[in-house]
$ cat input.tsv   # TSV, C-alpha atoms
chain	number	residue	atom	x	y	z
A	247	MET	CA	52.77	-173.34	-71.78
A	248	SER	CA	50.93	-170.95	-74.10
A	249	TRP	CA	53.15	-169.19	-76.61
A	250	SER	CA	52.72	-165.54	-77.59
A	251	CYS	CA	54.32	-163.01	-79.95
A	252	LYS	CA	56.21	-161.62	-76.96
A	253	ASN	CA	57.75	-165.05	-76.27
A	254	THR	CA	58.81	-165.28	-79.92
A	255	LYS	CA	60.45	-161.86	-79.84
A	256	GLU	CA	62.37	-162.65	-76.63
A	257	TYR	CA	63.50	-166.02	-77.99
A	258	LEU	CA	64.71	-164.55	-81.30
A	259	GLU	CA	66.62	-161.78	-79.52
A	260	LYS	CA	68.40	-164.32	-77.29
A	261	ARG	CA	69.06	-166.58	-80.26
A	262	LEU	CA	70.62	-163.71	-82.21
A	263	LEU	CA	72.93	-162.95	-79.30
A	264	GLY	CA	73.82	-166.63	-78.94
A	265	LEU	CA	72.22	-166.89	-75.50
A	266	GLU	CA	69.54	-169.40	-76.44
A	267	GLU	CA	69.28	-171.83	-79.32
A	268	VAL	CA	66.60	-174.28	-78.20
A	269	VAL	CA	62.95	-173.38	-77.67
A	270	GLU	CA	61.64	-174.38	-74.24
A	271	ASP	CA	58.33	-175.61	-75.64
A	272	GLU	CA	58.86	-176.53	-79.29
A	273	MET	CA	55.28	-177.71	-79.79
A	274	ALA	CA	53.74	-174.49	-78.47
A	275	PHE	CA	56.21	-172.42	-80.49
A	276	GLN	CA	55.44	-174.24	-83.75
A	277	SER	CA	51.71	-174.10	-83.08
A	278	HIS	CA	51.84	-170.34	-82.56
A	279	LEU	CA	54.15	-169.87	-85.54
A	280	SER	CA	51.77	-171.68	-87.89
A	281	SER	CA	48.97	-169.23	-87.11
A	282	CYS	CA	50.92	-165.96	-86.73
A	283	SER	CA	52.22	-164.34	-89.91
A	284	HIS	CA	53.95	-161.60	-87.91
A	285	CYS	CA	56.10	-164.11	-86.01
A	286	GLN	CA	56.85	-165.94	-89.25
A	287	GLU	CA	58.22	-162.69	-90.69
A	288	GLU	CA	60.25	-162.11	-87.51
A	289	LEU	CA	61.73	-165.62	-87.75
A	290	ASN	CA	62.62	-165.18	-91.43
A	291	GLU	CA	64.31	-161.83	-90.73
A	292	ASN	CA	66.21	-163.40	-87.84
A	293	LYS	CA	67.39	-166.24	-90.08
A	294	SER	CA	68.51	-163.69	-92.66
A	295	ILE	CA	70.66	-161.91	-90.07
A	296	GLU	CA	72.11	-165.22	-88.84
A	297	TYR	CA	72.90	-166.23	-92.41
A	298	GLY	CA	74.67	-162.92	-92.97
A	299	LEU	CA	76.78	-163.40	-89.87
A	300	GLN	CA	77.67	-166.97	-90.81
A	301	LYS	CA	78.56	-165.84	-94.31
A	302	GLY	CA	80.71	-163.03	-92.93
A	303	LEU	CA	82.57	-165.39	-90.61
A	304	GLY	CA	82.93	-167.86	-93.45
A	305	ASN	CA	84.51	-165.15	-95.59
A	306	ILE	CA	86.98	-164.42	-92.80
A	307	VAL	CA	88.00	-168.08	-92.58
A	308	GLN	CA	88.19	-168.32	-96.36
A	309	THR	CA	90.35	-165.20	-96.51
A	310	LEU	CA	92.71	-166.50	-93.85
A	311	GLU	CA	93.01	-169.80	-95.70
A	312	SER	CA	93.60	-168.22	-99.12
A	313	PRO	CA	97.00	-168.83	-100.79
A	314	LYS	CA	97.91	-165.15	-100.69
A	315	ILE	CA	97.37	-164.94	-96.94
A	316	GLN	CA	99.24	-168.20	-96.44
A	317	VAL	CA	102.23	-166.79	-98.34
A	318	LEU	CA	102.16	-163.63	-96.24
A	319	MET	CA	101.99	-165.71	-93.08
A	320	ALA	CA	104.95	-167.78	-94.26
A	321	LEU	CA	106.93	-164.62	-94.99
A	322	GLU	CA	106.02	-163.31	-91.56
A	323	GLU	CA	107.26	-166.51	-89.98
A	324	GLU	CA	110.54	-166.27	-91.89
A	325	GLU	CA	110.91	-162.67	-90.87
A	326	LYS	CA	110.72	-163.61	-87.21
A	327	ASN	CA	113.89	-165.62	-87.66
A	328	GLU	CA	115.74	-162.76	-89.35
A	329	SER	CA	117.89	-160.29	-87.53
A	330	PRO	CA	116.10	-157.12	-86.31
A	331	ARG	CA	117.68	-154.94	-89.00
A	332	PHE	CA	115.97	-156.98	-91.72
A	333	GLN	CA	112.53	-156.98	-90.11
A	334	LYS	CA	109.86	-154.71	-91.57
A	335	PRO	CA	107.75	-152.83	-88.99
A	336	TRP	CA	104.97	-152.20	-91.49
A	337	ARG	CA	104.04	-155.88	-91.48
A	338	LEU	CA	102.73	-155.63	-87.92
A	339	ALA	CA	100.59	-152.66	-88.87
A	340	PHE	CA	99.32	-154.53	-91.93
A	341	TRP	CA	98.26	-157.54	-89.89
A	342	MET	CA	96.57	-155.38	-87.28
A	343	ILE	CA	94.62	-153.46	-89.92
A	344	LEU	CA	93.63	-156.67	-91.70
A	345	LEU	CA	92.45	-158.25	-88.47
A	346	MET	CA	90.43	-155.17	-87.53
A	347	VAL	CA	88.76	-155.07	-90.94
A	348	LEU	CA	87.88	-158.76	-90.83
A	349	LEU	CA	86.42	-158.42	-87.34
A	350	LEU	CA	84.54	-155.18	-87.94
A	351	LEU	CA	82.84	-156.13	-91.19
A	352	PRO	CA	80.47	-158.73	-89.66
A	353	MET	CA	79.75	-156.42	-86.73
A	354	ALA	CA	78.94	-153.55	-89.08
A	355	TYR	CA	76.67	-155.82	-91.10
A	356	LEU	CA	74.87	-157.02	-87.97
A	357	SER	CA	74.44	-153.48	-86.65
A	358	LEU	CA	73.01	-152.34	-89.96
A	359	LYS	CA	70.56	-155.24	-90.12
A	360	ILE	CA	69.39	-154.70	-86.54
A	361	ALA	CA	69.00	-150.94	-87.06
A	362	THR	CA	67.06	-151.52	-90.28
A	363	LYS	CA	64.84	-154.05	-88.57
A	364	MET	CA	64.09	-151.66	-85.69
A	365	VAL	CA	63.19	-148.84	-88.08
A	366	THR	CA	60.98	-151.17	-90.12
A	367	GLU	CA	59.18	-152.44	-87.02
A	368	LYS	CA	58.59	-148.88	-85.80
A	369	LYS	CA	57.14	-147.86	-89.17
A	370	LYS	CA	54.86	-150.90	-89.21
A	371	SER	CA	53.63	-150.09	-85.70
A	372	VAL	CA	52.96	-146.44	-86.59
A	373	TYR	CA	51.02	-147.39	-89.72
A	374	LYS	CA	49.01	-149.96	-87.76
A	375	ALA	CA	48.16	-147.38	-85.10
A	376	PHE	CA	46.97	-144.93	-87.73
A	377	HIS	CA	44.91	-147.64	-89.41
A	378	ASP	CA	43.32	-148.46	-86.04
A	379	LEU	CA	42.49	-144.78	-85.51
A	380	GLU	CA	40.75	-144.60	-88.86
A	381	GLY	CA	38.64	-147.57	-87.85
A	382	LEU	CA	37.84	-146.07	-84.45
A	383	ALA	CA	36.91	-142.75	-86.07
A	384	LYS	CA	33.83	-144.43	-87.54
A	385	GLN	CA	32.73	-145.42	-84.03
A	386	VAL	CA	33.16	-141.96	-82.48
A	387	PRO	CA	29.52	-140.82	-83.00
A	388	ASP	CA	28.23	-143.91	-81.18
A	389	ILE	CA	30.86	-143.59	-78.44
A	390	VAL	CA	30.03	-139.93	-77.80
A	391	ASP	CA	26.25	-140.41	-77.89
A	392	HIS	CA	26.38	-143.45	-75.62
A	393	TYR	CA	28.58	-141.70	-73.07
A	394	VAL	CA	26.53	-138.49	-73.04
A	395	GLN	CA	23.30	-140.43	-72.58
A	396	LYS	CA	24.72	-142.19	-69.53
A	397	ASN	CA	26.70	-139.33	-68.00
A	398	SER	CA	25.05	-136.18	-69.41
A	399	ALA	CA	28.41	-134.67	-70.44
A	400	PHE	CA	31.50	-135.86	-72.25
A	401	PRO	CA	34.76	-135.77	-70.25
A	402	LEU	CA	37.91	-133.98	-71.29
A	403	THR	CA	39.58	-137.29	-72.15
A	404	LEU	CA	38.06	-140.74	-72.50
A	405	SER	CA	40.10	-143.95	-72.59
A	406	LEU	CA	38.92	-146.32	-75.33
A	407	SER	CA	39.93	-149.48	-73.54
A	408	MET	CA	38.18	-151.76	-76.05
A	409	THR	CA	41.37	-151.85	-78.11
A	410	GLN	CA	45.08	-151.16	-77.63
A	411	ASP	CA	47.70	-149.54	-79.80
A	412	PRO	CA	50.79	-151.50	-80.98
A	413	TRP	CA	52.65	-150.42	-77.83
A	414	GLY	CA	50.08	-151.85	-75.41
A	415	LYS	CA	48.32	-148.59	-74.50
A	416	PRO	CA	44.64	-147.79	-75.07
A	417	TYR	CA	43.59	-145.21	-77.62
A	418	TYR	CA	42.12	-141.96	-76.28
A	419	LEU	CA	39.38	-139.59	-77.34
A	420	ARG	CA	40.01	-136.00	-76.23
A	421	ASN	CA	37.26	-133.39	-76.19
A	422	LEU	CA	38.49	-130.21	-77.88
A	423	HIS	CA	35.04	-128.59	-77.55
A	424	ASN	CA	33.24	-126.83	-80.41
A	425	GLU	CA	32.23	-130.32	-81.57
A	426	ARG	CA	35.81	-131.32	-82.24
A	427	PHE	CA	37.56	-134.40	-80.91
A	428	LEU	CA	41.12	-135.65	-80.97
A	429	LEU	CA	41.41	-139.39	-81.40
A	430	TYR	CA	44.97	-140.40	-80.62
A	431	SER	CA	47.60	-142.88	-79.47
A	432	PHE	CA	50.47	-142.05	-77.11
A	433	GLY	CA	52.85	-143.32	-79.80
A	434	PRO	CA	56.11	-145.25	-79.40
A	435	ASN	CA	57.24	-143.46	-76.23
A	436	GLY	CA	53.99	-144.29	-74.39
A	437	VAL	CA	53.65	-140.76	-72.99
A	438	ASP	CA	50.48	-138.68	-73.27
A	439	GLU	CA	51.61	-135.53	-75.05
A	440	LYS	CA	48.12	-134.38	-76.01
A	441	GLY	CA	48.70	-134.99	-79.70
A	442	LYS	CA	52.21	-133.52	-79.82
A	443	GLN	CA	55.69	-135.02	-80.30
A	444	ASP	CA	55.33	-138.64	-81.45
A	445	ASP	CA	51.63	-139.02	-80.61
A	446	ILE	CA	49.62	-140.39	-83.52
A	447	TRP	CA	46.30	-138.62	-83.93
A	448	ILE	CA	43.23	-137.83	-85.98
A	449	MET	CA	41.15	-134.69	-85.41
A	450	LEU	CA	37.42	-135.11	-85.95
A	451	CYS	CA	34.90	-132.35	-86.54
A	452	LYS	CA	31.13	-132.76	-86.36
A	453	ARG	CA	29.31	-131.61	-89.47
A	454	GLY	CA	25.63	-132.21	-89.30
A	455	ASN	CA	25.10	-135.71	-87.97
A	456	ILE	CA	28.48	-137.08	-88.97
A	457	TYR	CA	32.08	-136.66	-87.88
A	458	VAL	CA	34.67	-136.03	-90.55
A	459	ILE	CA	38.45	-136.17	-90.34
A	460	GLU	CA	39.60	-132.56	-90.31
A	461	ALA	CA	43.32	-133.15	-89.79
A	462	SER	CA	45.76	-135.86	-88.77
A	463	SER	CA	49.39	-136.50	-87.90
A	464	PHE	CA	49.68	-138.27	-91.27
A	465	PRO	CA	49.43	-136.33	-94.53
A	466	ARG	CA	46.16	-137.20	-96.23
A	467	PRO	CA	45.54	-137.13	-99.98
A	468	LYS	CA	43.58	-134.16	-101.25
A	469	ASN	CA	40.11	-134.92	-102.56
$ encode --input "input.tsv" --output "structure tokens"
Amino acid sequence: MSWSCKNTKEYLEKRLLGLEEVVEDEMAFQSHLSSCSHCQEELNENKSIEYGLQKGLGNIVQTLESPKIQVLMALEEEEKNESPRFQKPWRLAFWMILLMVLLLLPMAYLSLKIATKMVTEKKKSVYKAFHDLEGLAKQVPDIVDHYVQKNSAFPLTLSLSMTQDPWGKPYYLRNLHNERFLLYSFGPNGVDEKGKQDDIWIMLCKRGNIYVIEASSFPRPKN
């Protein structure tokens, strides 16, 4: 089978949840991994999360095996054999709180790592989309001229199917009239919001024979 970035992402998600530990096609996976820096980063991040979980669980075991805990457990065992009037109710609360803390710490760590990873991936995708738009902006004069020559007029919106944004959608060129165009991506939600909400866009204005970036959804440095 041919291996893709999508296969890597699905495999790593299952591996993190403990649903899958062995790659179906190890050779294809390793071949893809050797030529894809993005998947290598994903694998390293995944290993970092797994290491954190293992370390957290190891700390729990180490804590439970520590002399202090062993003494407390021994005292608890002795207390069970005492008469009810000598038993201390707070010990039950102590053990429950300790158990909850030991169980919640790894979960909190995992949640934080996953949330951080998701935010980082989203930022990378947004920056990539904006970088793509800057590259496409240089092709806009040729795209407009070529389309007008073939169809006599430019449409309200033209799909630039020659390339896709990080979310698998094509980029679009929207005619704002008055020699202005909006070059944009639907953004993470994949919905055409005409340059609003989370759409990522660049506004181009024709000046003479060239198109210049007049505004964008990203702040641009002042010249």
$ atom_distance --input "input.tsv" --atom1 "atom CA of A:Leu404" --atom2 "atom CA of A:Arg420"
6.3 Å
$ residues_around --input "input.tsv" --residues "A:Gln385" --least-positions-apart "2" --cutoff "12 Å" --atoms "all atoms listed in the file" --output "ChimeraX atom specification"
/A:378-383,387-392,406,408,419,429,450,456-458
$ atom_distance --input "input.tsv" --atom1 "atom CA of A:Ala461" --atom2 "atom CA of A:Asn435"
22.0 Å
$ closest_residue --input "input.tsv" --among "A:Lys452, A:Lys415, A:Lys252, A:Lys293" --to "A:Phe427" --atoms "all atoms listed in the file"
A:Lys452
$ closest_residue --input "input.tsv" --among "A:Glu425, A:Asp438, A:Glu287, A:Glu256" --to "A:Cys451" --atoms "only C-alpha atoms"
A:Glu425
$ closest_residue --input "input.tsv" --among "A:Gln276, A:Thr362, A:Asn253, A:Ser431" --to "A:Glu291" --atoms "all atoms listed in the file"
A:Thr362
$ closest_residue --input "input.tsv" --among "A:Tyr417, A:Gly433, A:Lys442, A:Leu356" --to "A:Lys368" --atoms "all atoms listed in the file"
A:Gly433
$ atom_distance --input "input.tsv" --atom1 "atom CA of A:Arg426" --atom2 "atom CA of A:Val386"
11.0 Å
$ closest_residue --input "input.tsv" --among "A:Ile448, A:Gly414, A:Ser283, A:Gly454" --to "A:Gly436" --atoms "only C-alpha atoms"
A:Gly414
